[in-house]
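Here is protein25.tsv, consisting of TSV, C-alpha atoms:
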```tsv
chain	number	residue	atom	x	y	z
W	1	MET	CA	-17.37	145.23	189.91
W	2	SER	CA	-19.41	146.20	186.89
W	3	ILE	CA	-19.35	143.60	184.14
W	4	PRO	CA	-17.83	144.90	180.90
W	5	PRO	CA	-20.34	144.63	178.07
W	6	ASP	CA	-19.76	142.43	175.08
W	7	ARG	CA	-17.64	144.11	172.51
W	8	PRO	CA	-18.05	144.05	168.76
W	9	LEU	CA	-15.21	143.00	166.48
W	10	PRO	CA	-14.59	145.29	163.54
W	11	PRO	CA	-14.42	143.47	160.23
W	12	LEU	CA	-10.98	142.31	159.23
W	13	PRO	CA	-9.47	143.94	156.18
W	14	GLY	CA	-10.33	141.82	153.16
W	15	ARG	CA	-6.68	141.33	152.34
W	16	LEU	CA	-5.22	138.79	154.74
W	17	SER	CA	-2.11	138.17	152.69
W	18	ASP	CA	1.08	139.96	151.98
W	19	PRO	CA	1.25	141.59	148.53
W	20	GLY	CA	3.25	139.31	146.33
W	21	GLU	CA	2.89	136.39	148.72
W	22	ASP	CA	-0.65	135.37	147.80
W	23	ASP	CA	0.35	132.40	145.75
W	24	ALA	CA	1.26	129.23	147.54
W	25	ARG	CA	4.76	127.92	146.90
W	26	PRO	CA	5.30	124.28	145.90
W	27	GLY	CA	4.43	121.95	148.76
W	28	GLU	CA	2.39	124.50	150.68
W	29	VAL	CA	-1.03	123.50	152.02
W	30	ALA	CA	-3.92	125.80	152.93
W	31	VAL	CA	-7.08	124.93	154.88
W	32	ALA	CA	-10.48	126.58	155.17
W	33	LEU	CA	-10.50	128.89	158.19
W	34	PRO	CA	-13.19	128.47	160.88
W	35	GLU	CA	-16.44	130.35	160.28
W	36	ALA	CA	-16.13	132.55	163.37
W	37	TYR	CA	-13.64	133.86	165.89
W	38	ASP	CA	-13.67	132.51	169.41
W	39	ALA	CA	-12.20	135.50	171.25
W	40	GLY	CA	-11.15	139.10	170.67
W	41	VAL	CA	-7.83	140.91	170.97
W	42	PHE	CA	-7.22	144.52	171.95
W	43	TYR	CA	-4.24	146.25	170.42
W	44	ILE	CA	-2.55	147.88	173.43
W	45	GLY	CA	0.15	149.85	171.65
W	46	ARG	CA	2.46	149.92	168.66
W	47	ILE	CA	6.00	148.81	167.92
W	48	GLY	CA	8.39	151.11	166.13
W	49	THR	CA	11.21	149.50	164.13
W	50	PRO	CA	13.53	150.52	161.28
W	51	TRP	CA	11.80	148.08	158.88
W	52	THR	CA	8.94	149.15	156.65
W	53	ARG	CA	8.90	146.21	154.21
W	54	ARG	CA	8.78	142.58	155.18
W	55	ALA	CA	11.75	141.82	152.97
W	56	ASP	CA	13.86	144.23	155.05
W	57	CYS	CA	13.10	142.59	158.40
W	58	PRO	CA	15.87	140.52	159.96
W	59	ARG	CA	15.39	136.77	159.60
W	60	ASN	CA	15.06	136.43	163.34
W	61	ALA	CA	15.23	138.55	166.45
W	62	ARG	CA	18.95	137.99	166.95
W	63	GLY	CA	19.54	139.16	163.40
W	64	SER	CA	19.80	142.81	164.41
W	65	ASP	CA	20.85	144.82	167.45
W	66	ALA	CA	18.72	147.78	166.41
W	67	VAL	CA	17.01	149.55	169.29
W	68	CYS	CA	13.27	149.37	168.70
W	69	THR	CA	10.51	151.27	170.46
W	70	ILE	CA	7.39	149.94	172.13
W	71	VAL	CA	4.77	152.60	172.79
W	72	VAL	CA	1.99	151.45	175.11
W	73	ASP	CA	-1.39	153.21	174.90
W	74	ASP	CA	-2.01	155.62	177.79
W	75	ARG	CA	-4.96	153.53	178.99
W	76	TRP	CA	-2.53	150.84	180.15
W	77	ALA	CA	0.24	153.11	181.51
W	78	ALA	CA	-0.11	151.95	185.13
W	79	ALA	CA	0.35	148.33	184.01
W	80	LEU	CA	4.03	149.13	183.38
W	81	THR	CA	4.76	149.65	187.09
W	82	GLY	CA	7.65	147.38	187.98
W	83	VAL	CA	8.62	146.59	184.38
W	84	GLU	CA	11.68	148.83	184.83
W	85	THR	CA	13.14	146.20	187.19
W	86	CYS	CA	13.26	143.59	184.40
W	87	THR	CA	16.33	143.03	182.27
W	88	HIS	CA	14.34	141.08	179.65
W	89	LEU	CA	10.72	140.94	178.54
W	90	LEU	CA	8.58	138.58	176.51
W	91	VAL	CA	6.75	140.71	173.96
W	92	LEU	CA	3.66	139.46	172.13
W	93	TYR	CA	2.56	141.24	168.98
W	94	TRP	CA	0.05	140.75	166.20
W	95	MET	CA	1.39	140.17	162.71
W	96	ASP	CA	-1.60	141.73	161.02
W	97	GLN	CA	-0.23	141.42	157.50
W	98	ALA	CA	0.05	137.64	157.51
W	99	ARG	CA	-2.36	135.13	156.00
W	100	ARG	CA	-3.74	132.60	158.48
W	101	ASP	CA	-4.73	129.58	156.44
W	102	LEU	CA	-1.43	127.81	155.68
W	103	VAL	CA	-0.74	124.60	157.61
W	104	VAL	CA	2.32	123.60	155.58
W	105	GLN	CA	4.71	126.32	154.42
W	106	ALA	CA	7.89	126.65	152.42
W	107	PRO	CA	9.63	129.71	153.85
W	108	ARG	CA	12.16	131.32	151.55
W	109	HIS	CA	15.10	130.47	153.82
W	110	SER	CA	14.08	126.93	154.74
W	111	SER	CA	15.16	123.67	153.16
W	112	GLY	CA	11.65	122.41	152.43
W	113	PRO	CA	7.99	122.52	153.42
W	114	ARG	CA	7.34	122.36	157.17
W	115	GLY	CA	4.29	122.39	159.38
W	116	THR	CA	3.28	125.82	160.61
W	117	PHE	CA	3.67	124.79	164.26
W	118	ALA	CA	7.29	123.75	163.56
W	119	LEU	CA	8.05	127.26	162.25
W	120	ARG	CA	8.24	130.77	163.69
W	121	SER	CA	6.76	132.22	160.49
W	122	PRO	CA	4.21	135.05	160.91
W	123	VAL	CA	1.81	132.94	158.85
W	124	ARG	CA	-0.26	130.90	161.36
W	125	PRO	CA	-3.88	130.51	162.50
W	126	ASN	CA	-3.36	133.18	165.16
W	127	PRO	CA	-0.60	135.51	163.98
W	128	ILE	CA	0.81	136.18	167.45
W	129	ALA	CA	4.59	136.57	167.58
W	130	ALA	CA	6.56	136.08	170.78
W	131	SER	CA	9.99	137.70	171.07
W	132	VAL	CA	12.40	137.90	173.98
W	133	VAL	CA	13.82	141.43	174.17
W	134	ARG	CA	16.39	143.18	176.29
W	135	LEU	CA	15.02	146.29	177.96
W	136	VAL	CA	17.44	149.17	177.50
W	137	GLY	CA	15.29	152.05	178.68
W	138	ILE	CA	11.81	153.11	179.68
W	139	ASP	CA	10.28	156.58	179.66
W	140	ARG	CA	6.72	156.39	180.98
W	141	THR	CA	4.84	154.44	178.24
W	142	ARG	CA	7.81	154.26	175.83
W	143	LEU	CA	10.15	151.28	176.07
W	144	SER	CA	13.45	150.98	174.22
W	145	VAL	CA	14.31	147.35	173.54
W	146	ILE	CA	16.70	145.19	171.53
W	147	GLY	CA	15.55	141.93	169.94
W	148	LEU	CA	12.59	142.63	167.68
W	149	ASP	CA	12.38	141.79	163.98
W	150	CYS	CA	8.91	143.01	162.98
W	151	LEU	CA	7.55	145.66	160.66
W	152	ASP	CA	7.31	149.26	161.82
W	153	GLY	CA	3.85	149.92	163.24
W	154	THR	CA	3.14	146.33	164.30
W	155	PRO	CA	0.34	146.15	166.91
W	156	LEU	CA	1.38	145.21	170.44
W	157	VAL	CA	-0.75	142.71	172.36
W	158	ASP	CA	1.16	141.89	175.57
W	159	ILE	CA	4.30	142.49	177.62
W	160	LYS	CA	5.45	139.94	180.20
W	161	PRO	CA	8.42	139.73	182.54
W	162	TYR	CA	10.92	137.10	181.35
W	163	PHE	CA	11.82	134.63	184.09
W	164	ALA	CA	15.01	132.66	183.42
W	165	SER	CA	13.77	129.99	185.84
W	166	THR	CA	10.79	129.05	183.66
W	167	ASP	CA	11.49	130.60	180.24
W	168	ALA	CA	15.15	129.77	179.57
W	169	VAL	CA	16.00	126.29	178.25
W	170	GLY	CA	19.53	126.54	176.96
W	171	ASP	CA	19.79	123.00	175.64
W	172	ALA	CA	16.52	122.94	173.68
W	173	VAL	CA	16.88	121.56	170.14
W	174	VAL	CA	14.80	122.06	167.01
W	175	GLY	CA	15.83	118.92	165.18
W	176	TRP	CA	14.80	119.88	161.65
W	177	HIS	CA	16.75	123.12	161.99
W	178	ALA	CA	19.85	121.68	163.63
W	179	GLY	CA	20.90	120.07	160.36
W	180	GLN	CA	20.47	123.21	158.28
W	181	LYS	CA	22.89	125.91	157.38
W	182	SER	CA	21.61	128.97	159.25
P	1	MET	CA	-5.87	132.51	146.27
P	2	SER	CA	-9.40	133.19	147.39
P	3	ILE	CA	-9.69	135.81	150.10
P	4	PRO	CA	-11.25	134.50	153.30
P	5	PRO	CA	-14.40	136.46	154.16
P	6	ASP	CA	-14.63	138.59	157.27
P	7	ARG	CA	-15.63	136.55	160.25
P	8	PRO	CA	-18.01	137.49	163.01
P	9	LEU	CA	-16.97	137.36	166.65
P	10	PRO	CA	-19.45	135.66	168.94
P	11	PRO	CA	-20.31	137.69	172.02
P	12	LEU	CA	-18.08	137.10	174.99
P	13	PRO	CA	-19.67	135.49	178.00
P	14	GLY	CA	-20.94	138.26	180.26
P	15	ARG	CA	-18.78	137.03	183.11
P	16	LEU	CA	-15.20	138.06	182.46
P	17	SER	CA	-14.07	137.40	186.00
P	18	ASP	CA	-13.33	134.40	188.12
P	19	PRO	CA	-16.01	133.56	190.67
P	20	GLY	CA	-14.86	134.91	193.99
P	21	GLU	CA	-12.24	137.13	192.36
P	22	ASP	CA	-14.58	139.90	191.26
P	23	ASP	CA	-13.66	142.26	194.03
P	24	ALA	CA	-10.46	144.21	193.70
P	25	ARG	CA	-7.92	143.66	196.46
P	26	PRO	CA	-6.33	146.67	198.19
P	27	GLY	CA	-4.07	148.59	195.83
P	28	GLU	CA	-5.55	147.10	192.65
P	29	VAL	CA	-6.50	149.42	189.80
P	30	ALA	CA	-9.00	148.73	186.99
P	31	VAL	CA	-9.48	150.68	183.77
P	32	ALA	CA	-12.34	150.91	181.28
P	33	LEU	CA	-11.75	148.44	178.46
P	34	PRO	CA	-11.73	149.66	174.83
P	35	GLU	CA	-15.10	149.78	173.10
P	36	ALA	CA	-14.21	147.21	170.45
P	37	TYR	CA	-11.79	144.43	169.64
P	38	ASP	CA	-9.11	144.98	167.05
P	39	ALA	CA	-8.57	141.38	165.93
P	40	GLY	CA	-10.00	137.91	166.36
P	41	VAL	CA	-8.56	134.68	167.74
P	42	PHE	CA	-9.38	131.12	166.68
P	43	TYR	CA	-9.18	128.44	169.33
P	44	ILE	CA	-7.16	125.70	167.61
P	45	GLY	CA	-7.41	122.99	170.25
P	46	ARG	CA	-7.68	122.31	173.97
P	47	ILE	CA	-5.26	121.64	176.79
P	48	GLY	CA	-5.90	118.79	179.22
P	49	THR	CA	-4.41	119.12	182.71
P	50	PRO	CA	-5.07	117.60	186.14
P	51	TRP	CA	-6.36	120.93	187.50
P	52	THR	CA	-10.05	121.83	187.43
P	53	ARG	CA	-10.04	124.78	189.86
P	54	ARG	CA	-7.75	127.77	189.64
P	55	ALA	CA	-6.70	127.31	193.28
P	56	ASP	CA	-5.34	123.85	192.41
P	57	CYS	CA	-3.08	125.04	189.58
P	58	PRO	CA	0.65	125.17	190.29
P	59	ARG	CA	1.96	128.68	190.96
P	60	ASN	CA	4.10	128.49	187.86
P	61	ALA	CA	4.96	126.06	185.11
P	62	ARG	CA	7.96	124.60	186.97
P	63	GLY	CA	5.72	123.90	189.93
P	64	SER	CA	4.64	120.53	188.61
P	65	ASP	CA	6.07	117.76	186.46
P	66	ALA	CA	2.61	116.49	185.54
P	67	VAL	CA	2.30	115.31	181.96
P	68	CYS	CA	-0.38	117.43	180.28
P	69	THR	CA	-2.09	116.86	176.95
P	70	ILE	CA	-2.48	119.24	174.04
P	71	VAL	CA	-5.13	118.17	171.54
P	72	VAL	CA	-5.00	120.11	168.29
P	73	ASP	CA	-8.19	120.33	166.20
P	74	ASP	CA	-8.13	118.08	163.13
P	75	ARG	CA	-8.31	121.10	160.81
P	76	TRP	CA	-4.72	121.99	161.76
P	77	ALA	CA	-3.26	118.46	161.88
P	78	ALA	CA	-0.83	118.99	158.99
P	79	ALA	CA	0.61	122.03	160.78
P	80	LEU	CA	2.24	119.64	163.27
P	81	THR	CA	4.60	118.19	160.65
P	82	GLY	CA	8.12	118.54	162.01
P	83	VAL	CA	7.05	119.36	165.57
P	84	GLU	CA	8.18	115.88	166.61
P	85	THR	CA	11.79	116.96	166.02
P	86	CYS	CA	11.56	119.62	168.76
P	87	THR	CA	12.59	118.94	172.35
P	88	HIS	CA	10.77	122.04	173.60
P	89	LEU	CA	7.84	124.15	172.43
P	90	LEU	CA	6.44	127.56	173.23
P	91	VAL	CA	2.72	127.09	173.81
P	92	LEU	CA	0.27	130.00	173.72
P	93	TYR	CA	-3.15	129.59	175.27
P	94	TRP	CA	-6.13	131.73	176.14
P	95	MET	CA	-7.00	132.17	179.79
P	96	ASP	CA	-10.68	132.61	179.13
P	97	GLN	CA	-11.69	132.80	182.79
P	98	ALA	CA	-9.64	135.89	183.60
P	99	ARG	CA	-10.83	139.48	183.83
P	100	ARG	CA	-9.05	141.88	181.50
P	101	ASP	CA	-9.37	145.31	183.09
P	102	LEU	CA	-6.78	145.33	185.90
P	103	VAL	CA	-3.64	147.38	185.31
P	104	VAL	CA	-2.32	147.05	188.87
P	105	GLN	CA	-2.78	143.76	190.71
P	106	ALA	CA	-2.03	142.25	194.09
P	107	PRO	CA	-1.62	138.52	193.41
P	108	ARG	CA	-2.11	136.31	196.43
P	109	HIS	CA	1.51	135.17	196.48
P	110	SER	CA	3.15	138.54	195.76
P	111	SER	CA	4.55	141.05	198.22
P	112	GLY	CA	2.49	144.00	197.00
P	113	PRO	CA	0.64	145.55	194.07
P	114	ARG	CA	2.47	145.36	190.73
P	115	GLY	CA	1.76	146.46	187.20
P	116	THR	CA	0.09	143.82	185.04
P	117	PHE	CA	3.00	143.87	182.54
P	118	ALA	CA	5.44	143.08	185.37
P	119	LEU	CA	3.42	139.95	186.24
P	120	ARG	CA	2.65	136.60	184.59
P	121	SER	CA	-0.88	136.65	186.05
P	122	PRO	CA	-3.69	135.45	183.74
P	123	VAL	CA	-5.39	138.79	184.35
P	124	ARG	CA	-4.26	141.11	181.52
P	125	PRO	CA	-5.76	143.04	178.57
P	126	ASN	CA	-5.21	140.05	176.29
P	127	PRO	CA	-5.26	136.89	178.43
P	128	ILE	CA	-2.67	135.02	176.38
P	129	ALA	CA	-0.32	132.80	178.38
P	130	ALA	CA	3.05	131.69	177.05
P	131	SER	CA	4.65	128.56	178.51
P	132	VAL	CA	7.78	126.70	177.55
P	133	VAL	CA	7.08	122.97	177.61
P	134	ARG	CA	9.11	119.83	177.12
P	135	LEU	CA	7.65	117.56	174.45
P	136	VAL	CA	7.53	113.99	175.72
P	137	GLY	CA	5.38	112.40	173.03
P	138	ILE	CA	3.18	113.04	170.03
P	139	ASP	CA	0.45	110.85	168.57
P	140	ARG	CA	-1.01	112.55	165.49
P	141	THR	CA	-2.84	115.61	166.92
P	142	ARG	CA	-2.22	114.73	170.57
P	143	LEU	CA	0.92	116.05	172.27
P	144	SER	CA	2.14	115.00	175.71
P	145	VAL	CA	4.09	117.77	177.39
P	146	ILE	CA	5.55	118.79	180.74
P	147	GLY	CA	5.50	122.40	181.91
P	148	LEU	CA	1.92	123.68	181.88
P	149	ASP	CA	0.08	125.15	184.85
P	150	CYS	CA	-3.35	125.98	183.43
P	151	LEU	CA	-6.89	124.80	184.03
P	152	ASP	CA	-8.15	121.65	182.34
P	153	GLY	CA	-9.91	122.56	179.09
P	154	THR	CA	-7.99	125.79	178.45
P	155	PRO	CA	-8.20	126.86	174.80
P	156	LEU	CA	-5.02	126.54	172.72
P	157	VAL	CA	-4.05	129.40	170.39
P	158	ASP	CA	-0.56	128.58	169.09
P	159	ILE	CA	2.37	126.17	169.18
P	160	LYS	CA	5.87	127.33	168.22
P	161	PRO	CA	9.25	125.62	168.11
P	162	TYR	CA	11.48	126.82	170.98
P	163	PHE	CA	14.87	128.02	169.74
P	164	ALA	CA	17.51	128.24	172.46
P	165	SER	CA	19.44	130.69	170.28
P	166	THR	CA	16.72	133.35	170.45
P	167	ASP	CA	14.43	132.29	173.32
P	168	ALA	CA	16.82	131.29	176.12
P	169	VAL	CA	18.34	134.07	178.25
P	170	GLY	CA	19.75	132.33	181.29
P	171	ASP	CA	20.90	135.45	183.10
P	172	ALA	CA	17.68	137.47	182.79
P	173	VAL	CA	16.55	139.07	186.04
P	174	VAL	CA	13.12	140.22	187.23
P	175	GLY	CA	14.29	142.71	189.84
P	176	TRP	CA	11.13	142.99	191.91
P	177	HIS	CA	10.98	139.21	192.19
P	178	ALA	CA	14.65	138.63	192.93
P	179	GLY	CA	14.26	140.03	196.42
P	180	GLN	CA	11.22	137.91	197.29
P	181	LYS	CA	10.96	134.55	198.88
P	182	SER	CA	9.70	132.28	196.14
```
Could I get this file's structure written as structure tokens?
Amino acid sequence: MSIPPDRPLPPLPGRLSDPGEDDARPGEVAVALPEAYDAGVFYIGRIGTPWTRRADCPRNARGSDAVCTIVVDDRWAAALTGVETCTHLLVLYWMDQARRDLVVQAPRHSSGPRGTFALRSPVRPNPIAASVVRLVGIDRTRLSVIGLDCLDGTPLVDIKPYFASTDAVGDAVVGWHAGQKS
Amino acid sequence: MSIPPDRPLPPLPGRLSDPGEDDARPGEVAVALPEAYDAGVFYIGRIGTPWTRRADCPRNARGSDAVCTIVVDDRWAAALTGVETCTHLLVLYWMDQARRDLVVQAPRHSSGPRGTFALRSPVRPNPIAASVVRLVGIDRTRLSVIGLDCLDGTPLVDIKPYFASTDAVGDAVVGWHAGQKS
């Protein structure tokens, strides 16, 4: 096999933050980001949703039964072979509008500041979202799914089959959340 | 807020493949990778496991009840606030030993070639693994968890709280797998 050459990373856009969300809320804590990246991500497609502003997105993936569209780039078309046999998929996508330097956050809908790793907020060191979706149709590189909550045009980074045997834990508890009004 | 500067991406190691796994197996299909990365990942910690060779790793995360260790870099310590209230976490890590160019693969334990997006193989365009783990202990930046199957020293990229309400789908089916001996 020929060894793929090293690949350059294009510069990030200067703006890492959401317009209007630049200012930390009370209790929020930011850190200095590392000086360099350790690895590179390829965008492998795009996600189409009804939501074009962050404020319009559902609060979580069960907040809407809208059918969303995942369009995989032609380069990866053959990688979808067999996906049609799955009822559910784990979709990873890149929340490219989110800042990455907050370690403690006060989300609008939360009762107080929480650590980033205790939240599903898009704001995190690596803004990778993971959503379980139901596959409702597939037409070559175009998947119709239910269960996404992201902005229209969000970059896709991975699709995985969802295995109930390893991925489903029905009695899992997030303690800080269990006591909140949802 | 000050805007973080663009960050350079260090070159990838030339070897993107596992020793001894360079040669495609019958039915496997590789594609040319894109010329550049679209985004950059920070490694935020390391995962300690009992497995130092890929052949020793369990076939999936339920294949072992070994207690593994996640050590988060000090920079992100405050981001763990509240994680101790979670029974289960979704852990994302970077399978840095895996090649990224296969779209159809014939895993050793599978009945035939399958598309990469129908498999949980480490070999994929973006080698991000997602595993649901049970949290058994936490000591500052050191988490003890059950449910990982990766190599010792694997780079950590994210930790998320696992919400049964959105992440658990007990009746999900992977059709191609359902007919196989597991």
Sorted by chain and rising residue number, list the residues of region 24-141 of chain W at most 10 Å from region 97-118 of chain P (counting all atoms listed in the file), each with its closest atom pair and distance in Å to one decimal, as CSV.
```
residue,atom,partner,partner_atom,distance
W:Arg75,CA,P:Val103,CA,8.9
W:Trp76,CA,P:Val103,CA,6.3
W:Ala77,CA,P:Val103,CA,7.9
W:Ala78,CA,P:Val103,CA,5.8
W:Ala79,CA,P:Gly115,CA,4.0
W:Leu80,CA,P:Gly115,CA,5.2
W:Thr81,CA,P:Gly115,CA,4.4
W:Gly82,CA,P:Ala118,CA,5.5
W:Val83,CA,P:Ala118,CA,4.8
W:Glu84,CA,P:Ala118,CA,8.5
W:Thr85,CA,P:Ala118,CA,8.5
W:Cys86,CA,P:Ala118,CA,7.9
W:Leu89,CA,P:Ala118,CA,8.9
W:Leu90,CA,P:Phe117,CA,9.8
W:Val91,CA,P:Phe117,CA,9.9
```
Write the residues you've just listed into a file as an mmCIF file, in the coordinates of the input, and include C-alpha atoms for each of them.
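See again.cif below for the written result:
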```
data_model
loop_
_atom_site.group_PDB
_atom_site.id
_atom_site.type_symbol
_atom_site.label_atom_id
_atom_site.label_comp_id
_atom_site.auth_asym_id
_atom_site.auth_seq_id
_atom_site.Cartn_x
_atom_site.Cartn_y
_atom_site.Cartn_z
ATOM 1 C CA ARG W 75 -4.960 153.530 178.990
ATOM 2 C CA TRP W 76 -2.530 150.840 180.150
ATOM 3 C CA ALA W 77 0.240 153.110 181.510
ATOM 4 C CA ALA W 78 -0.110 151.950 185.130
ATOM 5 C CA ALA W 79 0.350 148.330 184.010
ATOM 6 C CA LEU W 80 4.030 149.130 183.380
ATOM 7 C CA THR W 81 4.760 149.650 187.090
ATOM 8 C CA GLY W 82 7.650 147.380 187.980
ATOM 9 C CA VAL W 83 8.620 146.590 184.380
ATOM 10 C CA GLU W 84 11.680 148.830 184.830
ATOM 11 C CA THR W 85 13.140 146.200 187.190
ATOM 12 C CA CYS W 86 13.260 143.590 184.400
ATOM 13 C CA LEU W 89 10.720 140.940 178.540
ATOM 14 C CA LEU W 90 8.580 138.580 176.510
ATOM 15 C CA VAL W 91 6.750 140.710 173.960
#
```
Near Val174 (chain W), counting all atoms listed in the file, which residues have an atom at most 8 Å away, once you skip same-chain residues fewer than 5 positions from it, shown as a list of chain:residue names?
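Non-adjacent residues within range: P:Thr85, P:Cys86, P:Thr87, P:His88, P:Pro161, P:Tyr162, P:Phe163.
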Counting all atoms listed in the file, which residue out of P:Val136, P:Glu28, P:Val72, P:Arg120 sits closest to chain W?
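The answer is P:Arg120, which sits nearest to chain W.
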Considering all atoms listed in the file, can you say which of W:Arg46, W:Ala32, W:Val71, W:Gly27 comes closest to chain P?
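Between W:Arg46, W:Ala32, W:Val71, W:Gly27, the residue approaching chain P most closely is W:Ala32.
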Shortest interatomic distance to Gly170 (chain W) - which of P:Val132, P:Leu92, P:Asp149, P:Val29, counting only C-alpha atoms
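For Gly170 (chain W), the nearest of the candidates is P:Val132.
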Using only C-alpha atoms, which residue out of W:Asp139, W:Asp65, W:Asp152, W:Asp171 lies closest to chain P?
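Of W:Asp139, W:Asp65, W:Asp152, W:Asp171, the one nearest chain P, counting only C-alpha atoms, is W:Asp171.
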Between P:Thr52, P:Ser144, P:Asn126, P:Thr154, which one has atoms that come closest to chain W, using all atoms listed in the file?
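Selected residue with least distance to chain W: P:Asn126.
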What is the distance between CA of Lys160 (chain P) and CA of Arg134 (chain P), in Å to one decimal?
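Rounded to one decimal, the two atoms are 12.1 Å apart.
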Determine the nearest neighbour of Asp158 (chain P) from the options W:Pro34, W:Pro58, W:Pro125, W:Pro26, counting all atoms listed in the file.
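Ranking W:Pro34, W:Pro58, W:Pro125, W:Pro26 by distance to Asp158 (chain P), first place goes to W:Pro125.
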